[in-house]
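Below: one structure, written as C-alpha cells.
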Amino acid sequence: MGRIWATAEDLGRNRARVLSLYRHILRSLNSPALPLSFAARLAKKAEVRAMFWVGSDERSVHNITDLIDAAEYSLSFLRKGQLPPRHIN
C-alpha cells in the first residue's frame with residue numbers, strides 16, 4: 001500500500017464510485033428541502049462540477065481517496081436536507 005501514484009487498475013476501480021457520487025450530489029442539490037433559489041442551485045452545481053473536473057485529472061492515490069471522502073461527507077449533509085459546511089477544521 002506504499003504506492004503514491006495510482007495505477008490504471010486503481011483508476012478503473014474508483015471510476016464508477018466517483019461517477020456515482022457525482023450524480024448523487026447533483027440530484028441531491030435539486031431537493032426542495034434545501035433552502036436555495038434557482039440561481040443558488042446552479043451555482044452549487046457549478047462548484048460540484050469544478051471539484052470533480054479538477055479531481056478527474058488526479059493520479060495520486062491519496063488525492064483520489066480525499067475526493068471520495070469529501071464527496072461522501074457532503075452527500076451525508078445533502079441527504080439530511082442541509083448544506084455542508086464551507087470549511088472543515
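Here's how to read the names in the C-alpha cells: chain A, B, ... by the order shown, residue numbers from 1 in each chain, ligand numbers from 1 in the order shown.
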- Which residues come within 9 Å of stretch 41-58 of chain A, counting only C-alpha atoms, excluding same-chain residues fewer than 3 positions away, as a VMD selection string? chain A and resid 6 18 to 19 22 25 to 26 29 to 30 36 to 38 61 63 to 64 67
- Task: Measure the distance from atom CA of A:Asp66 to atom CA of A:Lys80 in Å and round it to one decimal.
- Result: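 Between atom CA of A:Asp66 and atom CA of A:Lys80 the gap works out to 21.8 Å.
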- Task: Find the distance between atom CA of A:Ser28 and atom CA of A:Leu78 and write it in Å to one decimal.
- Result: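 Pair atom CA of A:Ser28 / atom CA of A:Leu78 returns 6.0 Å.
Here atom CA of A:Ser60 is placed at a distance of 9.1 Å from atom CA of A:Thr7.
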